[in-house]
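Here the structure is laid out as structure tokens; the discussion comes afterwards.
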Amino acid sequence: MIGLISATAAGTAARDRLAAMWPDRTRVYDGPVGDAVRAAFAECEQLVCFLATGAVVRLLAPLLGDKTSDPGVVCIDEGGRFAVSLVGGHAGGANALAHEVAESLGALPVVTTATDSVGLPGLDTLGFPVEGDVAGVSRALLDGEPVALKAEVNWPLPPLPVAAEGAYTIRVTDAVLGPAEREVVLRPPTLVVGVGASRGAPVEEIVELIEGTLRDAGLCAASLAELATVDAKADEPGIVEAARRLGVPLVTYPADVLAEVDVPNPSDAPLAAVGTPSVAEAAALVQGGELLVPKRKSAARPATATCAVVRRPGRGRLAVVGLGPGARDLLTPRAKAELGRASVVVGLDQYVDRIRDLLRPGTRVLQSGLGAEEARARTAVGEARKGHAVALVGSGDAGVYAMASPALAEASDDIDVVGVPGVTAALAAGAILGAPLGHDHVSISLSDLHTPWDVIERRVRAAAEADLVVTFYNPRSRGRDRQLPMALAILGGHRAPTTPVGVVRNASRPDESSRLTTLASLDPATVDMMTVVTVGNTATREIAGRMVTPRGYRWQDDRQEDAR
Ligand code: SAH
């Protein structure tokens, strides 16, 4: 809940606007401001104070405890111009809240924590436990001092400007080891503990078993992601309570699913009781990973609980990012954000060069020349499977005659995939030419590298018959110059020689050029691989030097009636 506090009429008006926009997330604290701040501080995760920072600082000072547990506090000035993240920027979420509130109220967010102001992720905002010298290592990152990354487990991290060697270290591990000096230890949730228990097994015995097993294996409980067991034990009080005490979710699986899992230590007892020869090992292993500790029994005799420990690889992320036709301001903000969080970028040299400045230091760039599409797709998916955040980039939209389909054909469901759409060459050219795509249209690639010519020809014919506006991609290259004249001849069989044709080369790039001509007078020699060719339908007209295809079926019906 977000507590809202105000004093003046202007502040109260802004407060009420916010409360009306976020009715489920906010609670208004009326009454004397001091009491209101104290009550909200005790009861809410976050506060938005429509008060001067000085007043809020004085009120908060005696209340502040620890930055990991204090609420995040945002102040809005009397004029509603600034949303200041005052305390709890990271753990309290005040930085993010300042941005959100600013967006809603039309104010400017003011965020002063160092890592955010230079675009570095805060080491304590990665979503998992962090130990050690966070302040020292953050400062080293900001000062550009070499910080070594020692990743003992693979986990998708935002890109950090790390080096192979350095006086400071970021260690990513699930092993028990205290942070050394000038070191930060990140503990991603890698460990899954499978548990089995007989009915009524005491929680103490289960927790002792799990903690003792982790301790003996040198594994850190802070990296525990979840407990896993069989469906039949979903309500077993000892297991449920153990998960609660360890602060992790309990995940359960059907017995027949667990029975399929290959385990080192199957036994008859669980088979008779719940229908699978293994509960602890199978439940830990069912989602894949490496068995670190095989089945162990609890101390009591007879033992009432078993457990096994598995390390799962991090879930990687593959972003398929369209970079647009060329110009930087046609690259979407979402594409920029994906490029900024990628730890690996895969793409053609010429495209990667266009966006290199948007990558954070430390991002690996795997580029390759034209032609190696499948290899590129496989590389991107392989890197994501290892747990990296990968951006696979392509010009225009990455799903249009580009990398998205070969990549997704390779990708299994063990990675997250996000697509970021881009402005295609057809759309960029359309905007330059006027409004050629105002009615139904298609894109056809004339490259017979991936498609046999007779298939291409059939599609051109169908488009001709259906009176669709056509944008030709890959229209002509050296050594492949017969296709465009043939395609234009097919369209010419159904459209007048005066049909407008737009030729756009290097849309939105520094050497952009465009020409409006007609089916009869287009010279194919003026077309190359940096070009798209847009052929109008029977309704397309040149109006004031622009190519315009009227909208609407009705207009066409009228026209056909006219012709009758
Ligand atoms: N994914 C891209 C298309 C890749 S196919 C997209 O969505 O636009 C490559 C072909 O696209 C080129 O041969 C050319 O026909 C066309 N093309 C790409 N960018 C272009 C641009 N800026 N101007 C004109 N044509 C372009």
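We label chains A, B, ... in the order they appear in the structure tokens, count residues from 1 in each chain, and number ligands from 1 in the order shown.
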- Message: Residues contacting ligand 1 - anything with an atom at most 10 Å away, using only C-alpha atoms and all ligand atoms - can you give me those as a ChimeraX atom specification?
- Response: /A:322-327,393-404,421-429,444-447,471-477,503-514,527-533
- Test item: residues at most 10 Å from A:Leu177, only C-alpha atoms, excluding those fewer than 6 positions along its chain, as a ChimeraX atom specification: /A:185,218-220
Residues as selected, C-alpha atoms, written as a PDB file, in the first residue's frame, can you do that?
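Contents of again_26.pdb, freshly written:
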ATOM      1  CA  VAL A 185      28.480 -11.969  -3.204  1.00  0.00           C
ATOM      2  CA  GLY A 218      28.727 -26.189   1.570  1.00  0.00           C
ATOM      3  CA  LEU A 219      25.592 -24.673   0.026  1.00  0.00           C
ATOM      4  CA  CYS A 220      24.010 -21.426   1.114  1.00  0.00           C
TER       5      CYS A 220
END
- Query: If we count only C-alpha atoms, what is near A:Ala234 at a cut-off of 9 Å, once residues fewer than 2 positions away on the same chain are taken out, given as number ranges by chain?
  - Reply: A: 229-232, 236-237, 239-240, 250-253
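Straight-line separation from atom CA of A:His494 to atom CA of A:Thr526: 23.5 Å.
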- Counting only C-alpha atoms, what is within 12 Å of A:Thr549, bar same-chain residues fewer than 4 positions away, as number ranges by chain? A: 430, 433-441, 467-470, 499-501, 534-543, 553, 555-556
- Message: For stretch 93-107 of chain A, find every residue with an atom within 10 Å (counting only C-alpha atoms), except residues of its own chain fewer than 5 positions away, and show them as an MDAnalysis selection string.
- Response: chainID A and resid 2 14:15 17:18 21:22 45:48 71:77 79:88 112:113 116 125
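For A:Pro156, the list of residues within 9 Å, based on only C-alpha atoms and with local chain neighbours fewer than 2 positions off taken out, reads Asn154, Pro158, Pro159, Gly314, Arg315, Gly316, Arg317, Ser343, Ala384, Lys386, Gly387, His388 and Ala389 of chain A.
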Next, the residues of the selection above should be written as a short mmCIF file (atom, residue, chain, number, x, y, z; two decimals), in the first residue's frame with C-alpha atoms.
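Dumped to result_22.cif:
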data_model
loop_
_atom_site.label_atom_id
_atom_site.label_comp_id
_atom_site.auth_asym_id
_atom_site.auth_seq_id
_atom_site.Cartn_x
_atom_site.Cartn_y
_atom_site.Cartn_z
CA ASN A 154 25.20 -19.06 -14.60
CA PRO A 158 22.07 -7.18 -16.14
CA PRO A 159 25.26 -6.21 -17.93
CA GLY A 314 19.14 -19.70 -14.61
CA ARG A 315 16.32 -19.15 -17.06
CA GLY A 316 17.72 -17.25 -19.99
CA ARG A 317 16.01 -14.60 -22.03
CA SER A 343 24.47 -9.28 -21.71
CA ALA A 384 20.08 -17.82 -23.77
CA LYS A 386 23.16 -20.90 -20.73
CA GLY A 387 21.20 -18.36 -18.73
CA HIS A 388 22.18 -15.13 -20.47
CA ALA A 389 20.00 -12.19 -21.51
#
- Message: List the spatial neighbours of A:Ala342 as JSON, numbers by chain - criterion: any atom at most 9 Å away, only C-alpha atoms, same-chain residues fewer than 2 positions off excluded.
- Response: {"A": [157, 158, 159, 317, 318, 319, 337, 338, 339, 340, 344, 345, 359, 360, 363, 364, 388, 389, 390, 391]}
So that I have them on file, write out the residues from the current selection with N, CA, C and O atoms, as a PDB file, in the first residue's frame.
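Result file is selection-v2.pdb:
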ATOM      1  N   LEU A 157      22.239 -11.858 -15.524  1.00  0.00           N
ATOM      2  CA  LEU A 157      22.489 -10.643 -14.760  1.00  0.00           C
ATOM      3  C   LEU A 157      22.374  -9.486 -15.723  1.00  0.00           C
ATOM      4  O   LEU A 157      22.662  -9.644 -16.898  1.00  0.00           O
ATOM      5  N   PRO A 158      21.984  -8.330 -15.244  1.00  0.00           N
ATOM      6  CA  PRO A 158      22.068  -7.178 -16.141  1.00  0.00           C
ATOM      7  C   PRO A 158      23.543  -6.949 -16.446  1.00  0.00           C
ATOM      8  O   PRO A 158      24.399  -7.328 -15.659  1.00  0.00           O
ATOM      9  N   PRO A 159      23.851  -6.377 -17.594  1.00  0.00           N
ATOM     10  CA  PRO A 159      25.262  -6.206 -17.927  1.00  0.00           C
ATOM     11  C   PRO A 159      25.913  -5.208 -16.985  1.00  0.00           C
ATOM     12  O   PRO A 159      25.384  -4.131 -16.756  1.00  0.00           O
ATOM     13  N   ARG A 317      16.980 -15.458 -21.378  1.00  0.00           N
ATOM     14  CA  ARG A 317      16.006 -14.600 -22.029  1.00  0.00           C
ATOM     15  C   ARG A 317      16.512 -14.265 -23.418  1.00  0.00           C
ATOM     16  O   ARG A 317      17.657 -13.868 -23.594  1.00  0.00           O
ATOM     17  N   LEU A 318      15.663 -14.470 -24.386  1.00  0.00           N
ATOM     18  CA  LEU A 318      16.011 -14.125 -25.758  1.00  0.00           C
ATOM     19  C   LEU A 318      15.077 -13.013 -26.214  1.00  0.00           C
ATOM     20  O   LEU A 318      13.866 -13.211 -26.307  1.00  0.00           O
ATOM     21  N   ALA A 319      15.637 -11.832 -26.466  1.00  0.00           N
ATOM     22  CA  ALA A 319      14.832 -10.733 -27.001  1.00  0.00           C
ATOM     23  C   ALA A 319      15.127 -10.623 -28.489  1.00  0.00           C
ATOM     24  O   ALA A 319      16.282 -10.541 -28.887  1.00  0.00           O
ATOM     25  N   ALA A 337      15.592  -0.248 -24.515  1.00  0.00           N
ATOM     26  CA  ALA A 337      15.639  -0.853 -23.180  1.00  0.00           C
ATOM     27  C   ALA A 337      16.165  -2.284 -23.265  1.00  0.00           C
ATOM     28  O   ALA A 337      16.970  -2.710 -22.429  1.00  0.00           O
ATOM     29  N   GLU A 338      15.725  -3.037 -24.258  1.00  0.00           N
ATOM     30  CA  GLU A 338      16.193  -4.418 -24.391  1.00  0.00           C
ATOM     31  C   GLU A 338      17.690  -4.459 -24.681  1.00  0.00           C
ATOM     32  O   GLU A 338      18.397  -5.310 -24.171  1.00  0.00           O
ATOM     33  N   LEU A 339      18.153  -3.546 -25.534  1.00  0.00           N
ATOM     34  CA  LEU A 339      19.583  -3.521 -25.854  1.00  0.00           C
ATOM     35  C   LEU A 339      20.384  -3.180 -24.598  1.00  0.00           C
ATOM     36  O   LEU A 339      21.449  -3.729 -24.361  1.00  0.00           O
ATOM     37  N   GLY A 340      19.823  -2.293 -23.776  1.00  0.00           N
ATOM     38  CA  GLY A 340      20.524  -1.878 -22.567  1.00  0.00           C
ATOM     39  C   GLY A 340      20.624  -2.972 -21.523  1.00  0.00           C
ATOM     40  O   GLY A 340      21.518  -2.960 -20.698  1.00  0.00           O
ATOM     41  N   VAL A 344      24.389 -10.290 -23.921  1.00  0.00           N
ATOM     42  CA  VAL A 344      24.953 -10.794 -25.176  1.00  0.00           C
ATOM     43  C   VAL A 344      24.112 -10.225 -26.318  1.00  0.00           C
ATOM     44  O   VAL A 344      22.884 -10.233 -26.235  1.00  0.00           O
ATOM     45  N   VAL A 345      24.764  -9.715 -27.352  1.00  0.00           N
ATOM     46  CA  VAL A 345      24.043  -9.238 -28.534  1.00  0.00           C
ATOM     47  C   VAL A 345      24.505 -10.030 -29.746  1.00  0.00           C
ATOM     48  O   VAL A 345      25.706 -10.220 -29.938  1.00  0.00           O
ATOM     49  N   LEU A 359      24.709  -0.197 -25.942  1.00  0.00           N
ATOM     50  CA  LEU A 359      25.023  -1.349 -25.107  1.00  0.00           C
ATOM     51  C   LEU A 359      25.812  -0.887 -23.902  1.00  0.00           C
ATOM     52  O   LEU A 359      26.584   0.069 -23.992  1.00  0.00           O
ATOM     53  N   ARG A 360      25.588  -1.571 -22.787  1.00  0.00           N
ATOM     54  CA  ARG A 360      26.382  -1.221 -21.605  1.00  0.00           C
ATOM     55  C   ARG A 360      27.755  -1.846 -21.730  1.00  0.00           C
ATOM     56  O   ARG A 360      27.915  -2.854 -22.405  1.00  0.00           O
ATOM     57  N   THR A 363      28.895  -5.920 -22.205  1.00  0.00           N
ATOM     58  CA  THR A 363      28.042  -6.743 -23.052  1.00  0.00           C
ATOM     59  C   THR A 363      28.899  -7.414 -24.126  1.00  0.00           C
ATOM     60  O   THR A 363      29.718  -6.777 -24.765  1.00  0.00           O
ATOM     61  N   ARG A 364      28.697  -8.715 -24.298  1.00  0.00           N
ATOM     62  CA  ARG A 364      29.442  -9.427 -25.351  1.00  0.00           C
ATOM     63  C   ARG A 364      28.714  -9.257 -26.671  1.00  0.00           C
ATOM     64  O   ARG A 364      27.499  -9.403 -26.735  1.00  0.00           O
ATOM     65  N   HIS A 388      21.886 -16.534 -20.189  1.00  0.00           N
ATOM     66  CA  HIS A 388      22.176 -15.128 -20.471  1.00  0.00           C
ATOM     67  C   HIS A 388      20.936 -14.386 -20.948  1.00  0.00           C
ATOM     68  O   HIS A 388      19.969 -14.992 -21.387  1.00  0.00           O
ATOM     69  N   ALA A 389      21.010 -13.055 -20.882  1.00  0.00           N
ATOM     70  CA  ALA A 389      19.999 -12.191 -21.509  1.00  0.00           C
ATOM     71  C   ALA A 389      20.545 -11.816 -22.877  1.00  0.00           C
ATOM     72  O   ALA A 389      21.512 -11.080 -22.986  1.00  0.00           O
ATOM     73  N   VAL A 390      19.914 -12.372 -23.905  1.00  0.00           N
ATOM     74  CA  VAL A 390      20.438 -12.227 -25.262  1.00  0.00           C
ATOM     75  C   VAL A 390      19.521 -11.315 -26.072  1.00  0.00           C
ATOM     76  O   VAL A 390      18.300 -11.446 -26.012  1.00  0.00           O
ATOM     77  N   ALA A 391      20.102 -10.396 -26.825  1.00  0.00           N
ATOM     78  CA  ALA A 391      19.316  -9.631 -27.801  1.00  0.00           C
ATOM     79  C   ALA A 391      19.752 -10.061 -29.192  1.00  0.00           C
ATOM     80  O   ALA A 391      20.931  -9.953 -29.534  1.00  0.00           O
TER      81      ALA A 391
END
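Distance annotation: of A:Asp349, A:Asp414, A:Glu211, A:Asp16, the residue with the minimal separation from A:Val309 is A:Glu211; atom set is only C-alpha atoms.
If you look at atom CA of A:Pro202 and atom CA of A:Ala272, they are 21.6 Å away from each other.
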- Taking the DSSP assignment computed from this structure's backbone, write out as a PyMOL selection string all residues of stretch 215-349 of chain A that belong to strand (DSSP E). chain A and resi 224-230+250-253+290-297+305-311+317-322+344-348
The selected residues should be written to file as a compact mmCIF listing (two decimals), in the first residue's frame (atoms: N, CA, C and O atoms).
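This went into selection-v3.txt:
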# COMPACT_ATOMS: atom_id res chain seq x y z
N LEU A 224 18.36 -20.80 -1.85
CA LEU A 224 17.26 -21.75 -1.99
C LEU A 224 16.10 -21.11 -2.76
O LEU A 224 15.62 -20.04 -2.40
N ALA A 225 15.68 -21.77 -3.84
CA ALA A 225 14.59 -21.22 -4.66
C ALA A 225 13.25 -21.78 -4.23
O ALA A 225 12.26 -21.06 -4.15
N GLU A 226 13.20 -23.07 -3.98
CA GLU A 226 11.92 -23.68 -3.61
C GLU A 226 12.11 -25.06 -3.03
O GLU A 226 13.15 -25.68 -3.19
N LEU A 227 11.06 -25.53 -2.33
CA LEU A 227 10.97 -26.93 -1.96
C LEU A 227 10.05 -27.60 -2.96
O LEU A 227 9.10 -26.99 -3.45
N ALA A 228 10.34 -28.86 -3.28
CA ALA A 228 9.51 -29.57 -4.25
C ALA A 228 9.15 -30.94 -3.69
O ALA A 228 9.97 -31.58 -3.02
N THR A 229 7.91 -31.35 -3.93
CA THR A 229 7.51 -32.68 -3.47
C THR A 229 6.39 -33.21 -4.37
O THR A 229 6.07 -32.61 -5.40
N VAL A 230 5.82 -34.34 -3.95
CA VAL A 230 4.75 -34.96 -4.75
C VAL A 230 3.39 -34.35 -4.36
O VAL A 230 3.21 -33.90 -3.22
N LEU A 250 6.48 -23.83 -1.94
CA LEU A 250 6.44 -25.30 -2.05
C LEU A 250 5.78 -25.63 -3.39
O LEU A 250 4.69 -25.17 -3.69
N VAL A 251 6.49 -26.41 -4.21
CA VAL A 251 5.98 -26.77 -5.53
C VAL A 251 5.74 -28.27 -5.54
O VAL A 251 6.57 -29.02 -5.04
N THR A 252 4.58 -28.70 -6.08
CA THR A 252 4.31 -30.14 -6.06
C THR A 252 4.03 -30.66 -7.46
O THR A 252 3.61 -29.92 -8.35
N TYR A 253 4.31 -31.96 -7.66
CA TYR A 253 4.15 -32.59 -8.97
C TYR A 253 3.36 -33.89 -8.81
O TYR A 253 3.46 -34.56 -7.78
N GLU A 290 21.35 -30.13 -11.97
CA GLU A 290 22.43 -31.03 -11.58
C GLU A 290 22.18 -31.48 -10.14
O GLU A 290 21.96 -30.65 -9.25
N LEU A 291 22.18 -32.80 -9.93
CA LEU A 291 21.95 -33.32 -8.58
C LEU A 291 23.21 -33.12 -7.76
O LEU A 291 24.22 -33.75 -8.00
N LEU A 292 23.15 -32.21 -6.77
CA LEU A 292 24.34 -31.92 -5.96
C LEU A 292 24.40 -32.86 -4.76
O LEU A 292 25.48 -33.28 -4.35
N VAL A 293 23.24 -33.14 -4.15
CA VAL A 293 23.20 -34.05 -3.00
C VAL A 293 22.11 -35.09 -3.25
O VAL A 293 20.93 -34.75 -3.31
N PRO A 294 22.49 -36.36 -3.41
CA PRO A 294 21.47 -37.41 -3.57
C PRO A 294 20.67 -37.58 -2.28
O PRO A 294 20.98 -36.96 -1.26
N LYS A 295 19.68 -38.42 -2.34
CA LYS A 295 18.74 -38.58 -1.22
C LYS A 295 19.43 -38.78 0.12
O LYS A 295 20.32 -39.60 0.26
N ARG A 296 18.98 -37.97 1.10
CA ARG A 296 19.47 -38.15 2.48
C ARG A 296 18.29 -38.30 3.39
O ARG A 296 17.24 -37.70 3.18
N LYS A 297 18.48 -39.10 4.46
CA LYS A 297 17.36 -39.30 5.40
C LYS A 297 17.57 -38.46 6.65
O LYS A 297 18.70 -38.15 7.01
N ALA A 305 11.74 -38.25 7.15
CA ALA A 305 11.85 -37.33 6.00
C ALA A 305 13.10 -37.62 5.19
O ALA A 305 14.08 -38.16 5.70
N THR A 306 13.02 -37.27 3.88
CA THR A 306 14.17 -37.38 2.99
C THR A 306 14.31 -36.07 2.23
O THR A 306 13.34 -35.34 2.07
N CYS A 307 15.53 -35.80 1.77
CA CYS A 307 15.68 -34.65 0.89
C CYS A 307 16.82 -34.87 -0.09
O CYS A 307 17.65 -35.76 0.09
N ALA A 308 16.81 -34.11 -1.16
CA ALA A 308 17.85 -34.15 -2.18
C ALA A 308 17.98 -32.74 -2.73
O ALA A 308 17.00 -31.99 -2.75
N VAL A 309 19.19 -32.36 -3.18
CA VAL A 309 19.42 -30.98 -3.61
C VAL A 309 19.88 -30.94 -5.07
O VAL A 309 20.78 -31.68 -5.46
N VAL A 310 19.23 -30.06 -5.84
CA VAL A 310 19.57 -29.90 -7.25
C VAL A 310 19.89 -28.43 -7.52
O VAL A 310 19.28 -27.54 -6.93
N ARG A 311 20.87 -28.21 -8.41
CA ARG A 311 21.16 -26.83 -8.86
C ARG A 311 20.58 -26.67 -10.26
O ARG A 311 20.91 -27.40 -11.17
N ARG A 317 16.98 -15.46 -21.38
CA ARG A 317 16.01 -14.60 -22.03
C ARG A 317 16.51 -14.27 -23.42
O ARG A 317 17.66 -13.87 -23.59
N LEU A 318 15.66 -14.47 -24.39
CA LEU A 318 16.01 -14.13 -25.76
C LEU A 318 15.08 -13.01 -26.21
O LEU A 318 13.87 -13.21 -26.31
N ALA A 319 15.64 -11.83 -26.47
CA ALA A 319 14.83 -10.73 -27.00
C ALA A 319 15.13 -10.62 -28.49
O ALA A 319 16.28 -10.54 -28.89
N VAL A 320 14.07 -10.69 -29.29
CA VAL A 320 14.24 -10.57 -30.74
C VAL A 320 13.85 -9.13 -31.07
O VAL A 320 12.69 -8.75 -30.98
N VAL A 321 14.87 -8.33 -31.40
CA VAL A 321 14.69 -6.87 -31.39
C VAL A 321 14.81 -6.29 -32.80
O VAL A 321 15.86 -6.40 -33.44
N GLY A 322 13.75 -5.66 -33.26
CA GLY A 322 13.78 -4.94 -34.54
C GLY A 322 14.38 -3.56 -34.33
O GLY A 322 13.96 -2.83 -33.42
N VAL A 344 24.39 -10.29 -23.92
CA VAL A 344 24.95 -10.79 -25.18
C VAL A 344 24.11 -10.22 -26.32
O VAL A 344 22.88 -10.23 -26.23
N VAL A 345 24.76 -9.72 -27.35
CA VAL A 345 24.04 -9.24 -28.53
C VAL A 345 24.50 -10.03 -29.75
O VAL A 345 25.71 -10.22 -29.94
N VAL A 346 23.54 -10.53 -30.52
CA VAL A 346 23.87 -11.32 -31.70
C VAL A 346 23.24 -10.64 -32.91
O VAL A 346 22.06 -10.30 -32.89
N GLY A 347 24.04 -10.46 -33.97
CA GLY A 347 23.47 -9.86 -35.18
C GLY A 347 24.52 -9.62 -36.24
O GLY A 347 25.72 -9.82 -36.01
N LEU A 348 24.04 -9.16 -37.38
CA LEU A 348 24.93 -8.80 -38.49
C LEU A 348 25.78 -7.59 -38.10
O LEU A 348 25.27 -6.67 -37.47
- Task: Please run DSSP on the backbone and report, as a PyMOL selection string, all residues within stretch 80-316 of chain A that come out as alpha helix (DSSP H).
- Result: chain A and resi 94-105+114-117+134-143+203-216+237-246+255-259+268-274+280-285
